[in-house]
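What follows is the content of input_5.txt (compact mmCIF, C-alpha atoms).
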# COMPACT_ATOMS: atom_id res chain seq x y z
CA MET U 1 0.00 0.00 0.00
CA SER U 2 1.24 3.48 -0.80
CA GLU U 3 -0.08 6.80 0.41
CA THR U 4 0.57 10.16 -1.18
CA LEU U 5 -0.12 13.68 0.03
CA PHE U 6 0.44 16.08 -2.86
CA ASP U 7 2.36 19.25 -2.05
CA ALA U 8 4.96 21.45 -3.70
CA ALA U 9 7.76 20.50 -1.30
CA GLY U 10 7.15 16.83 -1.84
CA ASP U 11 7.10 17.27 -5.60
CA GLU U 12 10.38 19.17 -5.55
CA ALA U 13 12.07 16.59 -3.35
CA ALA U 14 11.02 13.81 -5.66
CA LYS U 15 12.11 15.67 -8.81
CA GLY U 16 14.78 13.78 -10.67
CA GLN U 17 14.63 10.78 -8.35
CA GLU U 18 11.74 9.02 -10.02
CA PRO U 19 11.44 7.44 -13.49
CA LEU U 20 10.74 9.86 -16.32
CA ALA U 21 7.24 8.44 -16.80
CA VAL U 22 6.41 9.22 -13.15
CA ARG U 23 7.96 12.70 -13.20
CA MET U 24 5.97 13.59 -16.31
CA ARG U 25 2.58 12.60 -14.94
CA PRO U 26 0.08 15.40 -15.59
CA ARG U 27 -0.88 17.68 -12.73
CA THR U 28 -4.24 18.76 -14.18
CA LEU U 29 -6.85 17.21 -16.44
CA ASP U 30 -5.87 19.66 -19.19
CA GLU U 31 -2.34 18.19 -19.22
CA VAL U 32 -3.62 14.66 -19.84
CA VAL U 33 -2.81 13.48 -23.36
CA GLY U 34 -5.41 11.42 -25.23
CA GLN U 35 -8.75 10.19 -23.89
CA GLY U 36 -10.53 13.24 -25.25
CA HIS U 37 -13.83 11.35 -25.11
CA LEU U 38 -13.48 11.25 -21.30
CA LEU U 39 -12.08 14.71 -20.66
CA GLY U 40 -14.09 17.01 -22.89
CA GLU U 41 -16.22 19.81 -21.49
CA GLY U 42 -19.26 18.37 -19.73
CA SER U 43 -17.91 14.79 -19.72
CA PRO U 44 -18.82 12.67 -16.66
CA LEU U 45 -15.25 12.50 -15.32
CA ARG U 46 -14.64 16.22 -15.69
CA ARG U 47 -17.96 16.99 -14.02
CA LEU U 48 -17.07 14.72 -11.10
CA VAL U 49 -13.77 16.52 -10.66
CA GLU U 50 -15.04 20.05 -11.17
CA ASP U 51 -18.03 19.49 -8.88
CA ASP U 52 -15.73 17.79 -6.33
CA ALA U 53 -18.34 15.06 -5.93
CA PRO U 54 -17.81 11.70 -4.21
CA MET U 55 -17.17 9.10 -6.86
CA SER U 56 -16.79 5.43 -7.66
CA VAL U 57 -15.17 4.83 -11.04
CA PHE U 58 -13.73 1.93 -13.02
CA LEU U 59 -11.10 2.81 -15.61
CA TRP U 60 -10.87 0.07 -18.22
CA GLY U 61 -8.23 0.11 -20.93
CA PRO U 62 -4.92 -1.23 -22.24
CA PRO U 63 -1.65 -0.68 -20.33
CA GLY U 64 -0.09 2.75 -20.60
CA THR U 65 -3.28 4.62 -21.45
CA GLY U 66 -3.30 6.74 -18.29
CA LYS U 67 -5.39 4.91 -15.70
CA THR U 68 -3.02 5.61 -12.79
CA THR U 69 -2.38 9.09 -14.17
CA LEU U 70 -6.07 9.96 -14.15
CA ALA U 71 -6.45 8.68 -10.60
CA THR U 72 -3.55 10.79 -9.31
CA VAL U 73 -4.75 13.86 -11.19
CA VAL U 74 -8.24 13.49 -9.74
CA SER U 75 -6.74 13.17 -6.26
CA ARG U 76 -4.49 16.18 -6.75
CA VAL U 77 -7.19 18.44 -8.21
CA THR U 78 -9.80 17.50 -5.60
CA LYS U 79 -7.19 17.66 -2.78
CA ARG U 80 -8.04 14.17 -1.60
CA ARG U 81 -5.57 11.99 0.25
CA PHE U 82 -4.38 9.41 -2.30
CA VAL U 83 -3.98 5.78 -1.26
CA GLU U 84 -2.98 3.14 -3.78
CA LEU U 85 -3.44 -0.60 -3.42
CA SER U 86 -2.24 -3.21 -5.85
CA ALA U 87 -4.68 -6.07 -6.21
CA VAL U 88 -1.69 -8.35 -6.85
CA ASN U 89 -0.57 -8.30 -3.21
CA ALA U 90 -3.35 -6.64 -1.20
CA GLY U 91 -5.94 -8.59 0.75
CA VAL U 92 -9.20 -7.99 2.58
CA LYS U 93 -7.27 -6.88 5.67
CA ASP U 94 -5.52 -4.14 3.66
CA VAL U 95 -8.79 -2.93 2.17
CA ARG U 96 -10.48 -2.71 5.58
CA ALA U 97 -7.47 -0.92 7.07
CA VAL U 98 -7.64 1.76 4.38
CA VAL U 99 -11.38 2.18 4.82
CA ASP U 100 -11.10 2.41 8.63
CA GLU U 101 -8.35 5.03 8.38
CA ALA U 102 -10.40 6.97 5.82
CA LYS U 103 -13.39 7.01 8.17
CA ARG U 104 -11.20 8.11 11.07
CA ARG U 105 -9.63 10.99 9.13
CA MET U 106 -12.99 12.11 7.79
CA GLY U 107 -14.42 12.19 11.30
CA MET U 108 -11.44 13.97 12.86
CA ASN U 109 -10.62 16.73 10.37
CA GLY U 110 -12.76 16.18 7.29
CA THR U 111 -9.89 14.79 5.19
CA ARG U 112 -11.28 12.85 2.27
CA THR U 113 -9.56 9.80 0.78
CA LEU U 114 -9.30 8.55 -2.78
CA LEU U 115 -8.60 4.83 -2.87
CA PHE U 116 -7.02 3.65 -6.11
CA VAL U 117 -6.88 -0.11 -6.71
CA ASP U 118 -4.65 -1.12 -9.61
CA GLU U 119 -5.46 -4.35 -11.47
CA VAL U 120 -8.72 -4.57 -9.57
CA HIS U 121 -9.78 -7.56 -11.72
CA ARG U 122 -7.35 -9.64 -9.65
CA PHE U 123 -9.45 -9.11 -6.53
CA ASN U 124 -11.63 -12.11 -5.75
CA LYS U 125 -15.30 -11.78 -4.80
CA THR U 126 -14.60 -11.52 -1.07
CA GLN U 127 -12.06 -8.76 -1.59
CA GLN U 128 -14.41 -6.86 -3.88
CA ASP U 129 -17.27 -7.27 -1.44
CA ALA U 130 -15.09 -5.64 1.23
CA LEU U 131 -15.14 -2.46 -0.85
CA LEU U 132 -18.93 -2.28 -1.04
CA PRO U 133 -19.65 -0.55 2.32
CA ALA U 134 -17.00 2.10 1.63
CA VAL U 135 -18.41 2.78 -1.84
CA GLU U 136 -22.03 2.64 -0.67
CA ASN U 137 -21.47 5.05 2.24
CA ARG U 138 -18.97 7.28 0.41
CA TRP U 139 -16.29 6.76 3.05
CA VAL U 140 -13.79 6.84 0.20
CA SER U 141 -13.83 7.90 -3.40
CA PHE U 142 -12.93 4.73 -5.25
CA ILE U 143 -11.13 4.34 -8.59
CA GLY U 144 -10.37 0.85 -9.87
CA ALA U 145 -8.08 0.25 -12.85
CA THR U 146 -8.33 -2.85 -15.02
CA THR U 147 -7.08 -4.12 -18.35
CA GLU U 148 -9.82 -6.77 -18.46
CA ASN U 149 -13.52 -6.44 -19.18
CA PRO U 150 -15.12 -5.46 -15.83
CA PHE U 151 -18.36 -7.19 -16.79
CA PHE U 152 -16.47 -10.50 -16.49
CA SER U 153 -14.16 -9.68 -13.59
CA VAL U 154 -16.04 -7.34 -11.24
CA VAL U 155 -18.98 -8.31 -9.03
CA SER U 156 -22.29 -6.82 -10.11
CA PRO U 157 -23.06 -4.90 -6.86
CA LEU U 158 -19.76 -3.01 -7.10
CA LEU U 159 -20.05 -2.40 -10.84
CA SER U 160 -23.64 -1.14 -10.56
CA ARG U 161 -22.55 1.47 -8.01
CA SER U 162 -19.74 2.76 -10.19
CA LEU U 163 -19.18 4.72 -13.36
CA LEU U 164 -17.43 2.63 -16.03
CA LEU U 165 -15.07 4.59 -18.30
CA SER U 166 -13.22 2.97 -21.22
CA LEU U 167 -9.77 4.25 -22.12
CA GLU U 168 -8.27 3.91 -25.60
CA SER U 169 -4.70 3.28 -26.72
CA LEU U 170 -2.86 6.49 -27.50
CA ASP U 171 -2.37 7.26 -31.18
CA ASP U 172 0.92 8.33 -32.78
CA THR U 173 0.10 12.01 -32.34
CA ASP U 174 -0.55 11.50 -28.62
CA ILE U 175 2.73 9.61 -28.14
CA ARG U 176 4.65 12.28 -30.05
CA THR U 177 3.11 14.94 -27.79
CA LEU U 178 4.23 13.03 -24.68
CA VAL U 179 7.76 12.59 -26.02
CA ASP U 180 8.10 16.22 -27.12
CA ARG U 181 6.86 17.41 -23.73
CA ALA U 182 9.28 15.14 -21.87
CA LEU U 183 12.20 16.44 -23.94
CA THR U 184 11.56 20.07 -23.06
CA ASP U 185 9.74 20.10 -19.71
CA GLU U 186 11.84 20.94 -16.65
CA ARG U 187 10.42 17.88 -14.91
CA GLY U 188 11.72 15.74 -17.76
CA LEU U 189 14.88 16.08 -19.83
CA ASP U 190 14.67 19.86 -19.68
CA GLY U 191 16.04 20.57 -23.16
CA ARG U 192 19.28 18.69 -22.50
CA TYR U 193 18.48 16.20 -25.29
CA THR U 194 16.96 16.31 -28.76
CA LEU U 195 15.46 13.45 -30.75
CA THR U 196 16.00 12.92 -34.47
CA ALA U 197 12.99 12.38 -36.72
CA GLU U 198 14.02 8.78 -37.40
CA GLY U 199 14.59 8.20 -33.69
CA ALA U 200 11.15 9.63 -32.88
CA ASP U 201 9.48 7.43 -35.50
CA HIS U 202 11.19 4.32 -34.12
CA LEU U 203 10.31 5.23 -30.55
CA ILE U 204 6.67 5.83 -31.43
CA ARG U 205 6.43 2.48 -33.23
CA LEU U 206 7.94 0.67 -30.26
CA ALA U 207 5.56 2.39 -27.84
CA GLY U 208 2.57 0.71 -29.47
CA GLY U 209 0.09 3.21 -28.03
CA ASP U 210 1.54 2.87 -24.50
CA GLY U 211 2.44 6.28 -23.10
CA ARG U 212 4.40 4.94 -20.14
CA ARG U 213 6.47 2.71 -22.43
CA SER U 214 7.33 5.62 -24.73
CA LEU U 215 8.78 7.64 -21.83
CA THR U 216 10.61 4.64 -20.40
CA TYR U 217 12.26 4.01 -23.76
CA LEU U 218 13.08 7.71 -24.18
CA GLU U 219 14.80 7.78 -20.80
CA ALA U 220 16.80 4.65 -21.64
CA ALA U 221 17.82 6.07 -25.03
CA ALA U 222 18.99 9.29 -23.35
CA LEU U 223 21.26 7.28 -21.05
CA VAL U 224 22.71 5.42 -24.04
CA SER U 225 23.36 8.64 -25.95
CA GLY U 226 25.63 9.94 -23.20
CA PRO U 227 25.56 12.52 -20.38
CA PRO U 228 24.19 15.99 -21.10
CA ALA U 229 26.74 18.53 -22.28
CA LYS U 230 26.81 22.25 -22.95
CA ASP U 231 24.86 21.71 -26.15
CA PRO U 232 21.85 19.35 -26.29
CA VAL U 233 22.76 15.71 -26.91
CA GLU U 234 21.11 14.20 -30.00
CA ILE U 235 19.24 10.92 -29.53
CA THR U 236 19.19 8.90 -32.76
CA ALA U 237 17.35 5.77 -33.90
CA ASP U 238 20.58 3.88 -33.22
CA HIS U 239 20.49 5.00 -29.58
CA VAL U 240 16.88 3.85 -29.31
CA GLU U 241 17.80 0.49 -30.88
CA ARG U 242 20.64 -0.07 -28.44
CA ALA U 243 18.60 1.04 -25.44
CA VAL U 244 15.61 -1.15 -26.18
CA ASP U 245 17.45 -3.91 -28.07
CA ARG U 246 14.93 -3.73 -30.90
CA HIS U 247 15.96 -3.15 -34.50
CA ALA U 248 14.26 -0.26 -36.26
CA VAL U 249 12.01 -1.95 -38.78
CA ARG U 250 11.81 0.00 -42.03
CA TYR U 251 8.07 0.37 -42.26
CA ASP U 252 6.01 3.47 -42.87
CA ARG U 253 2.39 2.87 -41.94
CA SER U 254 1.22 5.43 -44.50
CA GLY U 255 3.84 4.84 -47.20
CA ASP U 256 5.18 2.29 -49.64
CA GLN U 257 6.40 -0.18 -47.02
CA HIS U 258 2.90 -0.45 -45.57
CA TYR U 259 1.34 -1.35 -48.91
CA ASP U 260 4.23 -3.55 -50.03
CA VAL U 261 4.30 -5.59 -46.83
CA ILE U 262 0.53 -6.07 -46.60
CA SER U 263 0.49 -7.08 -50.28
CA ALA U 264 3.24 -9.65 -49.68
CA PHE U 265 1.41 -10.83 -46.54
CA ILE U 266 -1.83 -11.46 -48.42
CA LYS U 267 -0.14 -13.11 -51.39
CA SER U 268 1.89 -15.37 -49.11
CA MET U 269 -1.29 -16.64 -47.43
CA ARG U 270 -2.94 -17.05 -50.83
CA GLY U 271 0.13 -18.95 -51.99
CA SER U 272 -0.07 -21.29 -48.95
CA ASP U 273 3.37 -20.20 -47.67
CA ALA U 274 2.78 -20.05 -43.92
CA ASP U 275 6.39 -19.22 -43.08
CA ALA U 276 6.53 -16.21 -45.39
CA ALA U 277 3.14 -15.01 -44.15
CA LEU U 278 4.35 -15.26 -40.54
CA HIS U 279 7.45 -13.25 -41.44
CA TYR U 280 5.34 -10.41 -42.84
CA LEU U 281 3.02 -10.63 -39.83
CA ALA U 282 6.01 -10.29 -37.51
CA ARG U 283 7.30 -7.38 -39.56
CA MET U 284 4.01 -5.52 -39.18
CA VAL U 285 3.70 -6.30 -35.47
CA GLU U 286 7.28 -5.20 -34.75
CA ALA U 287 6.73 -1.98 -36.69
CA GLY U 288 3.65 -1.14 -34.61
CA GLU U 289 1.01 -1.74 -37.25
CA ASP U 290 -2.53 -1.50 -35.90
CA PRO U 291 -3.43 -5.12 -35.06
CA ARG U 292 -7.06 -4.38 -35.90
CA PHE U 293 -5.99 -3.60 -39.47
CA ILE U 294 -4.22 -6.97 -39.66
CA ALA U 295 -7.26 -8.75 -38.23
CA ARG U 296 -9.56 -7.11 -40.77
CA ARG U 297 -7.37 -8.33 -43.64
CA LEU U 298 -7.45 -11.86 -42.22
CA ILE U 299 -11.25 -11.82 -42.11
CA VAL U 300 -11.47 -10.62 -45.71
CA HIS U 301 -9.06 -13.21 -47.05
CA ALA U 302 -10.55 -16.07 -45.07
CA SER U 303 -13.54 -15.67 -47.40
CA GLU U 304 -11.79 -14.34 -50.51
CA ASP U 305 -9.02 -16.94 -50.76
CA VAL U 306 -10.40 -19.90 -48.77
CA GLY U 307 -14.16 -19.49 -48.69
CA MET U 308 -16.20 -22.67 -48.69
CA ALA U 309 -13.14 -24.85 -49.24
CA ASP U 310 -12.70 -24.51 -45.45
CA PRO U 311 -15.51 -22.48 -43.87
CA SER U 312 -13.86 -22.70 -40.45
CA ALA U 313 -11.08 -20.36 -41.64
CA LEU U 314 -13.49 -17.44 -41.36
CA GLN U 315 -14.39 -18.49 -37.81
CA THR U 316 -10.71 -18.54 -36.87
CA ALA U 317 -10.12 -15.10 -38.41
CA VAL U 318 -13.12 -13.57 -36.63
CA ALA U 319 -12.01 -15.16 -33.36
CA ALA U 320 -8.54 -13.65 -33.82
CA ALA U 321 -10.10 -10.21 -34.38
CA GLN U 322 -12.15 -10.61 -31.21
CA ALA U 323 -9.00 -11.63 -29.32
CA VAL U 324 -7.30 -8.43 -30.49
CA GLU U 325 -10.14 -6.39 -28.99
CA PHE U 326 -10.49 -8.51 -25.86
CA ILE U 327 -6.89 -9.06 -24.72
CA GLY U 328 -4.87 -6.70 -26.92
CA MET U 329 -1.22 -6.82 -27.80
CA PRO U 330 1.29 -8.33 -27.34
CA GLU U 331 -0.64 -11.49 -26.41
CA ALA U 332 -2.99 -11.24 -29.39
CA ARG U 333 -0.03 -11.77 -31.73
CA ILE U 334 -0.47 -15.48 -30.95
CA ASN U 335 -4.10 -15.42 -32.07
CA LEU U 336 -3.19 -13.52 -35.24
CA ALA U 337 -0.46 -16.05 -35.98
CA GLN U 338 -2.91 -18.93 -35.53
CA ALA U 339 -5.29 -17.36 -38.04
CA VAL U 340 -2.43 -16.72 -40.48
CA ILE U 341 -1.33 -20.36 -40.32
CA HIS U 342 -4.92 -21.60 -40.70
CA ILE U 343 -5.59 -19.46 -43.77
CA SER U 344 -2.20 -20.27 -45.30
CA LEU U 345 -2.57 -24.04 -44.97
CA ALA U 346 -6.29 -24.23 -45.79
CA PRO U 347 -7.41 -25.46 -49.23
CA LYS U 348 -7.92 -22.46 -51.48
CA SER U 349 -10.97 -21.32 -53.39
CA ASN U 350 -12.00 -17.96 -54.82
CA ALA U 351 -15.48 -19.25 -55.72
CA VAL U 352 -17.18 -17.08 -53.07
CA ILE U 353 -15.76 -13.74 -54.24
CA THR U 354 -16.26 -14.75 -57.89
CA ALA U 355 -19.90 -15.61 -57.18
CA ILE U 356 -20.84 -12.39 -55.43
CA ASP U 357 -18.93 -10.21 -57.91
CA GLU U 358 -20.66 -11.84 -60.90
CA ALA U 359 -24.06 -11.48 -59.23
CA MET U 360 -23.41 -7.80 -58.51
CA SER U 361 -22.18 -7.28 -62.05
CA ASP U 362 -25.48 -8.61 -63.39
CA VAL U 363 -27.46 -6.34 -61.07
CA ARG U 364 -25.43 -3.29 -62.10
CA ALA U 365 -25.98 -4.20 -65.74
CA GLY U 366 -29.74 -4.13 -65.21
CA ARG U 367 -30.24 -7.89 -65.25
CA ALA U 368 -32.77 -7.93 -62.44
CA GLY U 369 -36.15 -9.22 -63.57
CA PRO U 370 -39.26 -9.19 -61.41
CA VAL U 371 -39.50 -11.59 -58.49
CA PRO U 372 -41.53 -14.66 -59.57
CA ALA U 373 -45.15 -14.37 -58.43
CA HIS U 374 -45.08 -17.57 -56.37
CA LEU U 375 -42.18 -16.17 -54.27
CA ARG U 376 -43.73 -12.78 -53.52
CA ASP U 377 -45.04 -11.79 -50.09
CA ALA U 378 -48.54 -13.17 -49.65
CA HIS U 379 -49.22 -12.12 -46.06
CA TYR U 380 -50.98 -8.81 -46.58
CA LYS U 381 -54.63 -8.33 -47.50
CA GLY U 382 -55.24 -8.43 -51.23
CA ALA U 383 -51.97 -10.22 -52.05
CA ALA U 384 -53.82 -13.37 -53.08
CA ASP U 385 -55.90 -11.38 -55.55
CA LEU U 386 -52.65 -10.36 -57.22
CA GLY U 387 -51.51 -13.94 -57.47
CA HIS U 388 -48.78 -13.54 -54.94
CA GLY U 389 -47.70 -16.84 -53.42
CA LYS U 390 -49.85 -18.90 -55.76
CA GLY U 391 -48.19 -22.19 -56.56
CA TYR U 392 -45.41 -21.77 -53.99
CA ARG U 393 -43.99 -25.11 -52.89
CA TYR U 394 -42.92 -25.33 -49.24
CA ALA U 395 -39.45 -26.91 -49.27
CA HIS U 396 -39.95 -28.84 -46.01
CA ASP U 397 -42.81 -30.81 -47.57
CA TYR U 398 -40.46 -32.43 -50.09
CA PRO U 399 -37.84 -35.17 -49.78
CA GLY U 400 -34.45 -33.78 -48.83
CA GLY U 401 -35.99 -30.36 -48.05
CA VAL U 402 -35.77 -29.24 -51.71
CA ALA U 403 -38.84 -28.46 -53.78
CA PRO U 404 -38.83 -28.47 -57.60
CA GLN U 405 -39.49 -24.83 -58.44
CA ARG U 406 -37.90 -21.74 -59.94
CA HIS U 407 -36.44 -19.04 -57.67
CA ALA U 408 -34.45 -16.76 -59.99
CA PRO U 409 -36.07 -13.81 -61.75
CA ASP U 410 -36.95 -13.97 -65.43
CA GLY U 411 -33.91 -13.85 -67.65
CA LEU U 412 -31.57 -15.21 -64.96
CA THR U 413 -32.80 -18.77 -64.61
CA ASP U 414 -29.70 -20.20 -66.25
CA ARG U 415 -27.14 -18.05 -64.44
CA GLU U 416 -24.68 -19.94 -62.23
CA TYR U 417 -22.67 -17.72 -59.90
CA TYR U 418 -21.30 -20.17 -57.38
CA ARG U 419 -19.02 -22.72 -59.02
CA PRO U 420 -17.26 -24.72 -56.29
CA THR U 421 -13.75 -25.98 -56.83
CA GLN U 422 -12.53 -29.49 -56.13
CA HIS U 423 -10.51 -28.27 -53.13
CA GLY U 424 -11.30 -29.18 -49.52
CA THR U 425 -14.93 -29.02 -48.46
CA GLU U 426 -15.99 -27.69 -51.87
CA ARG U 427 -15.36 -31.11 -53.43
CA ARG U 428 -18.31 -32.41 -51.41
CA LEU U 429 -20.32 -29.23 -52.04
CA THR U 430 -20.03 -29.82 -55.78
CA GLU U 431 -21.95 -33.06 -55.42
CA VAL U 432 -24.54 -31.43 -53.14
CA LEU U 433 -25.00 -28.47 -55.48
CA ASN U 434 -25.44 -30.67 -58.55
CA ARG U 435 -27.99 -32.82 -56.77
CA ILE U 436 -29.97 -29.75 -55.61
CA LYS U 437 -29.94 -28.24 -59.09
CA GLY U 438 -31.23 -31.48 -60.51
CA VAL U 439 -34.24 -31.33 -58.19
CA LEU U 440 -34.85 -27.62 -58.72
CA ARG U 441 -34.74 -27.80 -62.50
CA GLY U 442 -36.13 -31.23 -63.07
CA GLU U 443 -39.68 -30.00 -62.57
CA GLY U 444 -39.14 -26.26 -62.83
CA ASN U 445 -42.03 -23.87 -63.34
Encoded form (structure tokens):
Amino acid sequence: MSETLFDAAGDEAAKGQEPLAVRMRPRTLDEVVGQGHLLGEGSPLRRLVEDDAPMSVFLWGPPGTGKTTLATVVSRVTKRRFVELSAVNAGVKDVRAVVDEAKRRMGMNGTRTLLFVDEVHRFNKTQQDALLPAVENRWVSFIGATTENPFFSVVSPLLSRSLLLSLESLDDTDIRTLVDRALTDERGLDGRYTLTAEGADHLIRLAGGDGRRSLTYLEAAALVSGPPAKDPVEITADHVERAVDRHAVRYDRSGDQHYDVISAFIKSMRGSDADAALHYLARMVEAGEDPRFIARRLIVHASEDVGMADPSALQTAVAAAQAVEFIGMPEARINLAQAVIHISLAPKSNAVITAIDEAMSDVRAGRAGPVPAHLRDAHYKGAADLGHGKGYRYAHDYPGGVAPQRHAPDGLTDREYYRPTQHGTERRLTEVLNRIKGVLRGEGN
């Protein structure tokens, strides 16, 4: 358990003794970078702070998005005593001790306490239940931070009494703002270092949307570049590489490398070369490519290049995309790799994309005759008088669940869009499709 009372003397004493990421923590809500959806004028969190109201809040988001920062800023601005517990090593006894001390201080001199619990999802039900009286009676203002979905990890009574706020990964602009501020701010490197454009790009890629990581890497790179001199010391991409032990991948997410690598990635999967596809996946991940972009391409190509030859490839791709959203990086790289291997090794067929593109081409060309009368909606009054539904054959009344009747509009009865290959599951589907067509056309209307 740690307790902090914010004051100028304490801040000055700590200056330079703490990690750069700690020294650069914002002091006001306006200094917080990113999370504009939570901090805009009139937003719930800003209203809680400005109105100095008792609060119970869950902050849910990836690492390095500012959960601890927001908690400390709220405590500082509202002048509450700040107590931090880590759910990794705190127990029920620790929770009750904090609550009892908060009640005592409130009764003696009116001092209010903000209790911040990091990784609150690690608390079991009993530990979470111990928080309920304090939250219910406003003995403390409570902020819980979690990287996991609170709906699965937090007990309902505690969640229902709290405001749930979702934090988002910082974008490149946000990370660049943090780095630039740390380079010049007196609490940070105070103008003693500069960062080359290539070094900044590499640092931002490595940060992966994690603000704390970007400042940790910057501090390490500054140490590698040498002690400050009369003139500012230049931090290069080479310094960042040596500090973090990660090679600077040549990859511009908005330039040629982006398009070349994703093209090679797709064509490697299409060509059934799992090893090459994994290489390009690793290249994108190491360069900080948005994993959601990668997941979207996997979903597209599970249908475009595999399709009905192995329908489960789409399920794997969608599951990988869900994993990216649910657990995030770096763990989700495993799920992405699984989907890449599945799609690469699956039997290939482009019959699905060929089918839908040919159908759409016909529609765009005006080949869209009227819906056959026996297939039209016959549920409204007067439909029968128009002949709607007359002669319709209910498929379930026929052997095999297929009725001999025409479904395509006039002029399109002989069009065949879906032409299965002889690869994988489609070999069997060819037989099924031919048998169905024989029934449909054998006694067609």
### Query
Given the choices U:Ala145, U:Asp118, U:Gly288, U:Leu165, which gets closest to Ser43 of chain U if the distance is worked out from only C-alpha atoms?
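Among the listed residues, the smallest separation from Ser43 of chain U belongs to U:Leu165.
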### Message
Using only C-alpha atoms, which protein or nucleic acid residues come within 9 Å of Ile262 of chain U? Drop anything in the same chain fewer than 3 positions from it, and give the result as a list in words.
### Response
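In the requested format, the answer is Gln257, His258, Tyr259, Phe265, Ile266, Lys267, Tyr280, Leu281, Met284, Ile294 and Arg297 of chain U.
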### Query
Pick from U:Gly66, U:His239, U:Val57, U:Arg104: nearest to Val120 of chain U, with all atoms listed in the file counted?
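When distances to Val120 of chain U are compared using all atoms listed in the file, the smallest one comes from U:Val57.
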### Task
Grab the atom CA of Gly61 of chain U to atom CA of Gly209 of chain U distance for me, in Å with one decimal place.
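According to the coordinates, atom CA of Gly61 of chain U and atom CA of Gly209 of chain U are separated by 11.4 Å.
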### Query
Smallest atom-to-atom distance to Asp238 of chain U: which of U:Leu203, U:Ala264, U:Val140, U:Val22, using all atoms listed in the file?
U:Leu203
### Query
What gap, in Å, lies between atom CA of Val98 of chain U and atom CA of Asp51 of chain U?
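Value for the atom CA of Val98 of chain U-atom CA of Asp51 of chain U distance: 24.5 Å.
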May I have a table of the residues of segment 126-173 of chain U lying at most 9 Å from segment 318-336 of chain U, giving each one's closest pair of atoms and their distance in Å to one decimal, counting only C-alpha atoms, ordered by chain and ascending residue number, as JSON lines?
{"residue": "U:Thr147", "atom": "CA", "partner": "U:Ile327", "partner_atom": "CA", "distance": 8.1}
{"residue": "U:Glu148", "atom": "CA", "partner": "U:Ile327", "partner_atom": "CA", "distance": 7.3}
{"residue": "U:Asn149", "atom": "CA", "partner": "U:Phe326", "partner_atom": "CA", "distance": 7.6}
Next, the residues of the selection above should be written as an mmCIF file, in the frame of the given file with C-alpha atoms.
data_model
loop_
_atom_site.group_PDB
_atom_site.id
_atom_site.type_symbol
_atom_site.label_atom_id
_atom_site.label_comp_id
_atom_site.auth_asym_id
_atom_site.auth_seq_id
_atom_site.Cartn_x
_atom_site.Cartn_y
_atom_site.Cartn_z
ATOM 1 C CA THR U 147 -7.080 -4.120 -18.350
ATOM 2 C CA GLU U 148 -9.820 -6.770 -18.460
ATOM 3 C CA ASN U 149 -13.520 -6.440 -19.180
#
### Spatial neighbours of Leu345 of chain U, max dist 8 Å, all atoms listed in the file, sep filter under 6 positions, as a list in words
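Answer for this query is Met269, Ser272, Asp273 and Ala274 of chain U.
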